[in-house]
$ cat run-v9.txt   # compact mmCIF, C-alpha atoms
# COMPACT_ATOMS: atom_id res chain seq x y z
CA MET X 30 33.92 22.21 -6.27
CA VAL X 31 34.74 20.22 -9.41
CA LEU X 32 35.12 17.09 -7.29
CA LEU X 33 31.76 17.74 -5.60
CA ILE X 34 30.00 18.19 -8.94
CA ALA X 35 31.60 14.97 -10.22
CA MET X 36 30.46 13.08 -7.11
CA ILE X 37 26.88 14.37 -7.48
CA GLY X 38 26.87 13.40 -11.16
CA CYS X 39 28.16 9.92 -10.32
CA LYS X 40 25.48 9.49 -7.65
CA GLN X 41 22.71 10.52 -10.03
CA ARG X 42 23.98 8.16 -12.74
CA GLU X 43 23.97 5.31 -10.25
CA GLU X 44 20.41 6.12 -9.16
CA ASN X 45 19.25 6.40 -12.78
CA GLN X 46 20.79 3.03 -13.63
CA LYS X 47 19.09 1.45 -10.63
CA LYS X 48 15.78 3.10 -11.55
CA ASP X 49 15.91 1.82 -15.11
CA SER X 50 16.87 -1.71 -14.05
CA VAL X 51 14.18 -2.01 -11.36
CA ILE X 52 11.21 -0.06 -12.75
CA THR X 53 10.76 -1.94 -16.00
CA GLU X 54 7.77 -2.32 -18.28
CA GLU X 55 7.85 -6.09 -17.79
CA TYR X 56 7.66 -5.74 -13.99
CA VAL X 57 4.96 -3.08 -14.08
CA THR X 58 2.87 -5.10 -16.53
CA ARG X 59 3.10 -8.23 -14.38
CA VAL X 60 2.01 -6.48 -11.19
CA ILE X 61 -0.84 -4.47 -12.68
CA THR X 62 -2.13 -7.44 -14.67
CA THR X 63 -2.36 -9.46 -11.47
CA LEU X 64 -4.07 -6.72 -9.47
CA ALA X 65 -6.63 -6.01 -12.21
CA SER X 66 -7.25 -9.62 -13.20
CA ASP X 67 -10.71 -11.16 -13.20
CA GLU X 68 -9.55 -13.41 -10.34
CA MET X 69 -9.53 -10.33 -8.09
CA ARG X 70 -13.23 -9.80 -8.94
CA GLY X 71 -13.00 -6.01 -8.83
CA ARG X 72 -11.49 -5.78 -5.33
CA LYS X 73 -14.70 -4.71 -3.61
CA TRP X 74 -13.79 -3.45 -0.14
CA SER X 75 -16.86 -5.04 1.45
CA SER X 76 -16.18 -8.49 -0.01
CA ALA X 77 -13.73 -10.11 2.43
CA ALA X 78 -12.70 -12.80 -0.04
CA ASP X 79 -12.16 -10.51 -3.03
CA ILE X 80 -10.41 -7.63 -1.24
CA GLY X 81 -8.50 -10.15 0.86
CA ARG X 82 -7.10 -11.78 -2.26
CA ALA X 83 -5.73 -8.44 -3.41
CA ALA X 84 -4.35 -7.62 0.04
CA ASP X 85 -2.56 -10.98 0.18
CA TYR X 86 -0.96 -10.32 -3.20
CA ILE X 87 0.29 -6.86 -2.22
CA ALA X 88 1.60 -8.21 1.09
CA SER X 89 3.45 -10.96 -0.81
CA GLN X 90 5.12 -8.31 -2.98
CA PHE X 91 6.17 -6.29 0.08
CA LYS X 92 7.62 -9.46 1.63
CA GLU X 93 9.48 -10.35 -1.56
CA ILE X 94 10.93 -6.84 -1.72
CA GLY X 95 12.03 -7.11 1.91
CA LEU X 96 10.09 -4.25 3.49
CA GLU X 97 9.92 -3.99 7.25
CA HIS X 98 6.66 -4.19 9.12
CA PHE X 99 5.19 -0.80 9.97
CA ASN X 100 4.81 0.73 13.41
CA GLY X 101 4.92 -2.46 15.48
CA LEU X 102 2.63 -4.52 13.23
CA SER X 103 3.30 -8.26 13.14
CA ASP X 104 2.72 -8.44 9.38
CA TYR X 105 1.96 -6.14 6.46
CA LYS X 106 -1.75 -5.75 7.21
CA GLN X 107 -3.01 -2.88 9.30
CA ALA X 108 -6.29 -4.46 10.36
CA PHE X 109 -9.27 -2.54 11.73
CA GLU X 110 -12.99 -3.25 11.93
CA GLY X 111 -12.77 -6.23 9.57
CA LYS X 112 -10.78 -4.26 6.97
CA SER X 113 -7.06 -3.92 6.23
CA ASN X 114 -4.65 -1.44 4.77
CA VAL X 115 -1.44 -3.05 3.50
CA VAL X 116 1.68 -1.28 4.79
CA GLY X 117 5.45 -1.76 4.69
CA MET X 118 8.40 0.50 5.33
CA ILE X 119 12.11 1.14 4.91
CA LYS X 120 13.60 2.75 8.01
CA GLY X 121 15.59 5.94 7.44
CA ARG X 122 19.33 5.81 7.98
CA THR X 123 19.77 9.14 9.79
CA LYS X 124 16.23 10.53 10.15
CA PRO X 125 14.12 7.49 11.07
CA ASP X 126 11.42 9.59 12.77
CA GLU X 127 10.73 11.64 9.64
CA PHE X 128 8.34 9.85 7.29
CA VAL X 129 7.75 10.05 3.55
CA ILE X 130 4.63 8.18 2.45
CA PHE X 131 3.91 6.62 -0.95
CA SER X 132 0.29 5.52 -1.24
CA ALA X 133 -2.59 4.38 -3.44
CA HIS X 134 -5.90 2.62 -2.87
CA TYR X 135 -6.29 -1.04 -3.80
CA ASP X 136 -10.07 -1.37 -3.65
CA HIS X 137 -12.45 -0.81 -6.55
CA LEU X 138 -16.14 -1.46 -7.26
CA GLY X 139 -16.38 -5.25 -7.44
CA ILE X 140 -19.17 -6.90 -9.44
CA ARG X 141 -21.46 -4.58 -11.40
CA THR X 142 -24.42 -4.83 -13.77
CA PRO X 143 -23.16 -6.82 -16.80
CA VAL X 144 -22.19 -4.95 -19.95
CA ALA X 145 -21.78 -7.21 -22.97
CA GLY X 146 -21.43 -10.12 -20.59
CA ASP X 147 -18.74 -8.50 -18.42
CA SER X 148 -19.67 -7.73 -14.82
CA ILE X 149 -16.23 -7.29 -13.20
CA ALA X 150 -15.09 -3.72 -12.57
CA ASN X 151 -11.38 -4.54 -12.75
CA GLY X 152 -10.18 -1.06 -11.79
CA ALA X 153 -7.00 -1.27 -13.85
CA ASP X 154 -6.41 2.48 -13.92
CA ASP X 155 -8.44 3.14 -10.76
CA ASP X 156 -6.28 2.34 -8.93
CA ALA X 157 -4.29 -0.76 -9.78
CA SER X 158 -2.01 1.63 -11.65
CA GLY X 159 -1.32 3.58 -8.46
CA CYS X 160 -0.80 0.43 -6.39
CA THR X 161 1.63 -0.87 -8.98
CA ALA X 162 3.53 2.40 -8.66
CA VAL X 163 3.72 2.02 -4.87
CA ILE X 164 5.05 -1.53 -5.18
CA ALA X 165 7.58 -0.59 -7.88
CA LEU X 166 8.78 2.42 -5.86
CA ALA X 167 9.18 0.21 -2.80
CA LYS X 168 11.33 -2.15 -4.83
CA TYR X 169 13.38 0.73 -6.25
CA PHE X 170 14.10 2.46 -2.93
CA LYS X 171 14.83 -0.86 -1.19
CA ASN X 172 17.37 -1.71 -3.89
CA LEU X 173 18.85 1.79 -3.72
CA ASP X 174 19.19 1.58 0.08
CA LYS X 175 20.11 5.25 0.54
CA ASN X 176 17.05 6.84 2.14
CA GLU X 177 17.85 9.09 5.08
CA ARG X 178 14.16 9.49 6.00
CA SER X 179 11.87 6.55 6.69
CA LEU X 180 9.73 5.53 3.73
CA VAL X 181 6.22 4.15 4.20
CA PHE X 182 4.48 2.28 1.39
CA VAL X 183 0.75 1.86 1.94
CA THR X 184 -2.20 0.70 -0.12
CA PHE X 185 -5.52 1.75 1.35
CA THR X 186 -8.76 -0.13 1.48
CA ALA X 187 -12.23 1.41 1.07
CA GLU X 188 -11.28 4.60 -0.76
CA GLU X 189 -14.38 4.02 -2.85
CA ALA X 190 -16.43 4.06 0.35
CA GLY X 191 -15.25 7.53 1.37
CA GLY X 192 -11.61 7.04 2.30
CA ILE X 193 -12.20 4.75 5.27
CA GLY X 194 -8.76 3.12 5.02
CA SER X 195 -6.79 6.34 4.74
CA LYS X 196 -8.80 7.86 7.58
CA TYR X 197 -7.81 5.02 9.90
CA PHE X 198 -4.18 5.19 8.78
CA SER X 199 -4.04 8.96 9.28
CA GLU X 200 -5.57 8.74 12.73
CA ASN X 201 -2.73 6.41 13.70
CA MET X 202 0.04 8.56 12.22
CA ASP X 203 1.56 11.62 13.88
CA PRO X 204 1.12 14.30 11.19
CA ASP X 205 4.03 16.31 12.60
CA LYS X 206 6.36 13.46 11.67
CA VAL X 207 5.13 13.14 8.08
CA VAL X 208 7.34 15.19 5.77
CA ALA X 209 5.41 14.45 2.56
CA MET X 210 2.84 12.11 1.06
CA PHE X 211 2.91 10.97 -2.56
CA ASN X 212 -0.59 9.62 -3.21
CA ILE X 213 -0.74 8.05 -6.67
CA GLU X 214 -4.14 7.97 -8.32
CA MET X 215 -4.75 6.79 -11.90
CA ILE X 216 -1.57 7.04 -14.00
CA GLY X 217 -2.62 4.55 -16.67
CA LYS X 218 -3.12 6.92 -19.60
CA PRO X 219 -1.46 10.06 -20.96
CA SER X 220 -2.44 13.34 -19.36
CA LYS X 221 -3.97 16.28 -21.20
CA TRP X 222 -0.41 17.38 -22.05
CA GLY X 223 0.46 13.98 -23.53
CA GLN X 224 3.25 11.61 -22.56
CA ASN X 225 5.86 12.41 -19.91
CA SER X 226 3.60 14.60 -17.80
CA ALA X 227 1.45 14.33 -14.70
CA PHE X 228 -0.43 16.76 -12.51
CA ILE X 229 -0.29 17.34 -8.78
CA THR X 230 -3.42 18.20 -6.84
CA GLY X 231 -3.16 21.19 -4.54
CA PHE X 232 0.00 22.30 -6.33
CA ASP X 233 -0.17 25.79 -4.83
CA GLN X 234 -0.85 24.56 -1.30
CA SER X 235 2.80 23.73 -0.53
CA SER X 236 6.22 23.63 -2.18
CA PHE X 237 5.87 19.88 -2.84
CA GLY X 238 5.14 20.29 -6.56
CA LYS X 239 7.93 22.81 -7.09
CA ILE X 240 10.42 20.42 -5.49
CA LEU X 241 9.34 17.55 -7.74
CA GLN X 242 9.51 19.74 -10.83
CA LYS X 243 12.98 20.97 -9.83
CA ASN X 244 14.20 17.41 -9.44
CA VAL X 245 13.01 16.33 -12.91
CA THR X 246 14.47 19.38 -14.62
CA GLY X 247 16.63 18.19 -17.50
CA THR X 248 14.46 15.11 -18.10
CA GLU X 249 11.57 14.80 -20.54
CA PHE X 250 9.04 14.72 -17.71
CA GLN X 251 7.10 17.59 -16.19
CA PHE X 252 4.85 17.89 -13.14
CA MET X 253 2.02 20.35 -13.64
CA PRO X 254 -0.65 21.97 -11.46
CA ASP X 255 -4.06 20.29 -11.38
CA PRO X 256 -5.94 21.35 -14.54
CA TYR X 257 -9.31 20.38 -13.08
CA PRO X 258 -9.82 22.77 -10.11
CA ASP X 259 -13.60 22.52 -10.37
CA GLN X 260 -13.34 18.82 -9.50
CA GLN X 261 -11.75 19.66 -6.12
CA LEU X 262 -9.49 16.63 -6.45
CA PHE X 263 -7.15 17.74 -3.66
CA TYR X 264 -9.75 16.71 -1.08
CA ARG X 265 -11.25 13.77 -3.00
CA SER X 266 -8.53 11.14 -2.60
CA ASP X 267 -6.59 9.44 0.17
CA ASN X 268 -4.18 12.34 0.63
CA ALA X 269 -6.98 14.48 2.09
CA MET X 270 -6.93 13.07 5.62
CA LEU X 271 -3.33 14.15 6.18
CA ALA X 272 -3.58 17.31 4.06
CA ILE X 273 -6.26 18.75 6.35
CA GLN X 274 -3.76 18.28 9.20
CA GLY X 275 -1.16 20.37 7.42
CA VAL X 276 0.88 17.61 5.83
CA PRO X 277 2.13 18.32 2.27
CA ALA X 278 0.07 15.36 1.10
CA HIS X 279 -0.73 15.50 -2.61
CA SER X 280 -2.12 13.21 -5.28
CA ILE X 281 -0.24 12.61 -8.52
CA SER X 282 -2.31 11.64 -11.56
CA THR X 283 -2.38 11.60 -15.34
CA SER X 284 -6.13 11.02 -15.63
CA GLN X 285 -8.15 13.17 -18.00
CA ILE X 286 -11.00 12.91 -15.55
CA ASP X 287 -13.30 15.10 -17.62
CA LYS X 288 -13.01 12.81 -20.66
CA ASP X 289 -12.45 9.33 -19.24
CA THR X 290 -15.48 7.29 -20.30
CA LEU X 291 -14.08 4.12 -18.67
CA TYR X 292 -13.87 5.56 -15.16
CA HIS X 293 -15.93 3.47 -12.70
CA THR X 294 -17.09 1.06 -15.40
CA VAL X 295 -16.46 -2.61 -16.15
CA ASN X 296 -14.34 -1.49 -19.09
CA ASP X 297 -11.48 -0.18 -16.94
CA GLU X 298 -9.28 -3.06 -18.11
CA VAL X 299 -5.52 -3.56 -18.44
CA ALA X 300 -5.89 -3.63 -22.23
CA THR X 301 -6.95 0.04 -22.18
CA LEU X 302 -3.78 1.20 -20.40
CA ASP X 303 -0.59 2.72 -21.75
CA MET X 304 2.21 0.82 -19.98
CA LYS X 305 4.88 3.22 -21.17
CA ASN X 306 2.94 6.07 -19.56
CA ILE X 307 2.79 4.20 -16.26
CA VAL X 308 6.50 3.37 -16.30
CA ALA X 309 7.42 6.96 -17.16
CA ALA X 310 5.26 8.32 -14.34
CA ILE X 311 6.72 5.91 -11.76
CA LYS X 312 10.27 6.74 -12.79
CA ALA X 313 9.50 10.47 -12.63
CA ILE X 314 8.07 10.11 -9.12
CA ALA X 315 11.24 8.24 -8.09
CA VAL X 316 13.38 11.09 -9.42
CA GLY X 317 11.04 13.80 -8.12
CA ALA X 318 11.15 12.33 -4.62
CA ARG X 319 14.94 12.08 -4.38
CA SER X 320 15.72 15.23 -2.43
CA ILE X 321 12.79 14.68 -0.06
CA VAL X 322 13.83 11.08 0.59
CA SER X 323 17.43 12.16 1.15
CA GLY X 324 16.44 14.90 3.59
CA ASP X 325 17.83 17.69 1.43
CA ASP X 326 14.38 19.20 0.78
CA THR X 327 11.41 19.58 3.10
CA PRO X 328 8.13 20.74 1.53
CA THR X 329 6.30 23.58 3.22
CA ARG X 330 3.20 22.61 5.18
CA VAL X 331 -0.31 22.85 3.77
CA PRO X 332 -2.47 25.56 5.35
CA LYS X 333 -5.05 23.85 7.51
CA PRO X 334 -8.48 24.44 5.98
CA ASP X 335 -11.67 25.41 7.69
CA VAL X 336 -13.08 21.89 7.81
CA ASN X 337 -16.61 23.25 8.26
CA SER X 338 -16.41 24.95 4.88
CA MET X 339 -15.26 21.84 3.00
$ encode --input "run-v9.txt" --output "structure tokens"
Amino acid sequence: MVLLIAMIGCKQREENQKKDSVITEEYVTRVITTLASDEMRGRKWSSAADIGRAADYIASQFKEIGLEHFNGLSDYKQAFEGKSNVVGMIKGRTKPDEFVIFSAHYDHLGIRTPVAGDSIANGADDDASGCTAVIALAKYFKNLDKNERSLVFVTFTAEEAGGIGSKYFSENMDPDKVVAMFNIEMIGKPSKWGQNSAFITGFDQSSFGKILQKNVTGTEFQFMPDPYPDQQLFYRSDNAMLAIQGVPAHSISTSQIDKDTLYHTVNDEVATLDMKNIVAAIKAIAVGARSIVSGDDTPTRVPKPDVNSM
């Protein structure tokens, strides 16, 4: 027993060292600054040039990390009807047909009515912060190289147009093979509880949140239930398409959505973000996901809703 405890402690120290060396503030800042730069022109899903520039950048990061192509694709773009999700994966060592998804949406609102001469809705928090998390987590888990389940890293297009990208992705994914979905939506600023905290939408719909909270016990971080139930956030982001099929698919966020005056404006800029908050959230998700990635924990399924009542 003493030997087993020592081995577990050694494994966790190794994973923590890898996490801290890979998920750095310098790396996070570089990625998010590129995604939310003026050169991306607000990543409007309907502008082929602008959204394509962002897709190319994300694909280049997946290639640099060394992700595999997903589900028979010839590259990292899951193309459909003139649009593309960007997807990569790391095949599981012993449970390759069980999938854990890490996702965010890479589109935003594009060019808007100028405010003080600025017309680009950069979407730094919404959702370049989430995309940066997906890329950083892909780099972390690829470096760790210990996942028993297959890991899918996807950035969706056209979330701002009603979740078109995630709908297509979900229709081409067997929900019975998806163990969990970590959808990351706006982690650029401290939550209502301050630093080292995030909330999980639909917390009571499965055991997903309890597993994450268990895994970060002993750290400074905490995962909390969604404090904004009136906003119905569980069914307002890209997790919804799989959640309605019973998948424990949840969004993780730090956004104070009821107070954020920069949401969906041209002022959602990198300069307004708290990089330490982003780094802390990404590291916490990496730790929170450990037992799901390893196959030791399997979240309970989400009760399928009455779609007609939604």
$ closest_residue --input "run-v9.txt" --among "X:Ile87, X:Ile140, X:Val116, X:Ala77" --to "X:Ser195" --atoms "all atoms listed in the file"
X:Val116
$ closest_residue --input "run-v9.txt" --among "X:Asn114, X:Ile149, X:Gly95, X:Met304" --to "X:Val60" --atoms "only C-alpha atoms"
X:Met304
$ residues_around --input "run-v9.txt" --residues "X:Ile311" --least-positions-apart "5" --cutoff "8 Å" --atoms "only C-alpha atoms" --output "VMD selection string"
chain X and resid 52 162 165 to 166
$ atom_distance --input "run-v9.txt" --atom1 "atom CA of X:Gly231" --atom2 "atom CA of X:Thr283"
14.5 Å
$ closest_residue --input "run-v9.txt" --among "X:Gln285, X:Gln224, X:Gln242, X:Ser236" --to "X:Pro332" --atoms "only C-alpha atoms"
X:Ser236
$ residues_around --input "run-v9.txt" --residues "stretch 243-253 of chain X" --least-positions-apart "3" --cutoff "10 Å" --atoms "all atoms listed in the file" --output "tab-separated table (two decimals) with C-alpha atoms, keeping the file's coordinate frame"
chain	number	residue	atom	x	y	z
X	222	TRP	CA	-0.41	17.38	-22.05
X	224	GLN	CA	3.25	11.61	-22.56
X	225	ASN	CA	5.86	12.41	-19.91
X	226	SER	CA	3.60	14.60	-17.80
X	227	ALA	CA	1.45	14.33	-14.70
X	228	PHE	CA	-0.43	16.76	-12.51
X	229	ILE	CA	-0.29	17.34	-8.78
X	230	THR	CA	-3.42	18.20	-6.84
X	232	PHE	CA	0.00	22.30	-6.33
X	238	GLY	CA	5.14	20.29	-6.56
X	239	LYS	CA	7.93	22.81	-7.09
X	240	ILE	CA	10.42	20.42	-5.49
X	256	PRO	CA	-5.94	21.35	-14.54
X	281	ILE	CA	-0.24	12.61	-8.52
X	282	SER	CA	-2.31	11.64	-11.56
X	283	THR	CA	-2.38	11.60	-15.34
X	309	ALA	CA	7.42	6.96	-17.16
X	310	ALA	CA	5.26	8.32	-14.34
X	312	LYS	CA	10.27	6.74	-12.79
X	313	ALA	CA	9.50	10.47	-12.63
X	314	ILE	CA	8.07	10.11	-9.12
X	315	ALA	CA	11.24	8.24	-8.09
X	316	VAL	CA	13.38	11.09	-9.42
X	317	GLY	CA	11.04	13.80	-8.12
X	318	ALA	CA	11.15	12.33	-4.62
X	319	ARG	CA	14.94	12.08	-4.38
X	320	SER	CA	15.72	15.23	-2.43
X	321	ILE	CA	12.79	14.68	-0.06
$ atom_distance --input "run-v9.txt" --atom1 "atom CA of X:Lys196" --atom2 "atom CA of X:Asp325"
29.0 Å
$ closest_residue --input "run-v9.txt" --among "X:Phe185, X:Phe198, X:Phe91, X:Trp74" --to "X:Tyr169" --atoms "only C-alpha atoms"
X:Phe91
$ closest_residue --input "run-v9.txt" --among "X:Lys305, X:His279, X:Lys171, X:Arg59" --to "X:Gly223" --atoms "all atoms listed in the file"
X:Lys305
$ atom_distance --input "run-v9.txt" --atom1 "atom CA of X:Tyr105" --atom2 "atom CA of X:Phe263"
27.5 Å
$ decode --input "run-v9.txt" --residues "stretch 43-59 of chain X" --atoms "C-alpha atoms" --output "compact mmCIF listing (two decimals), in the first residue's frame"
# COMPACT_ATOMS: atom_id res chain seq x y z
CA GLU X 43 5.48 14.22 -12.98
CA GLU X 44 2.16 15.36 -14.46
CA ASN X 45 2.27 18.62 -12.49
CA GLN X 46 5.80 19.33 -13.68
CA LYS X 47 4.77 18.69 -17.28
CA LYS X 48 1.68 20.87 -16.85
CA ASP X 49 3.69 23.78 -15.47
CA SER X 50 6.36 23.51 -18.18
CA VAL X 51 3.88 23.30 -21.09
CA ILE X 52 0.97 25.52 -20.04
CA THR X 53 2.88 28.75 -19.50
CA GLU X 54 1.76 32.36 -19.50
CA GLU X 55 4.15 33.11 -22.36
CA TYR X 56 2.65 30.36 -24.54
CA VAL X 57 -0.95 31.26 -23.69
CA THR X 58 -0.31 34.95 -24.37
CA ARG X 59 1.26 34.21 -27.76
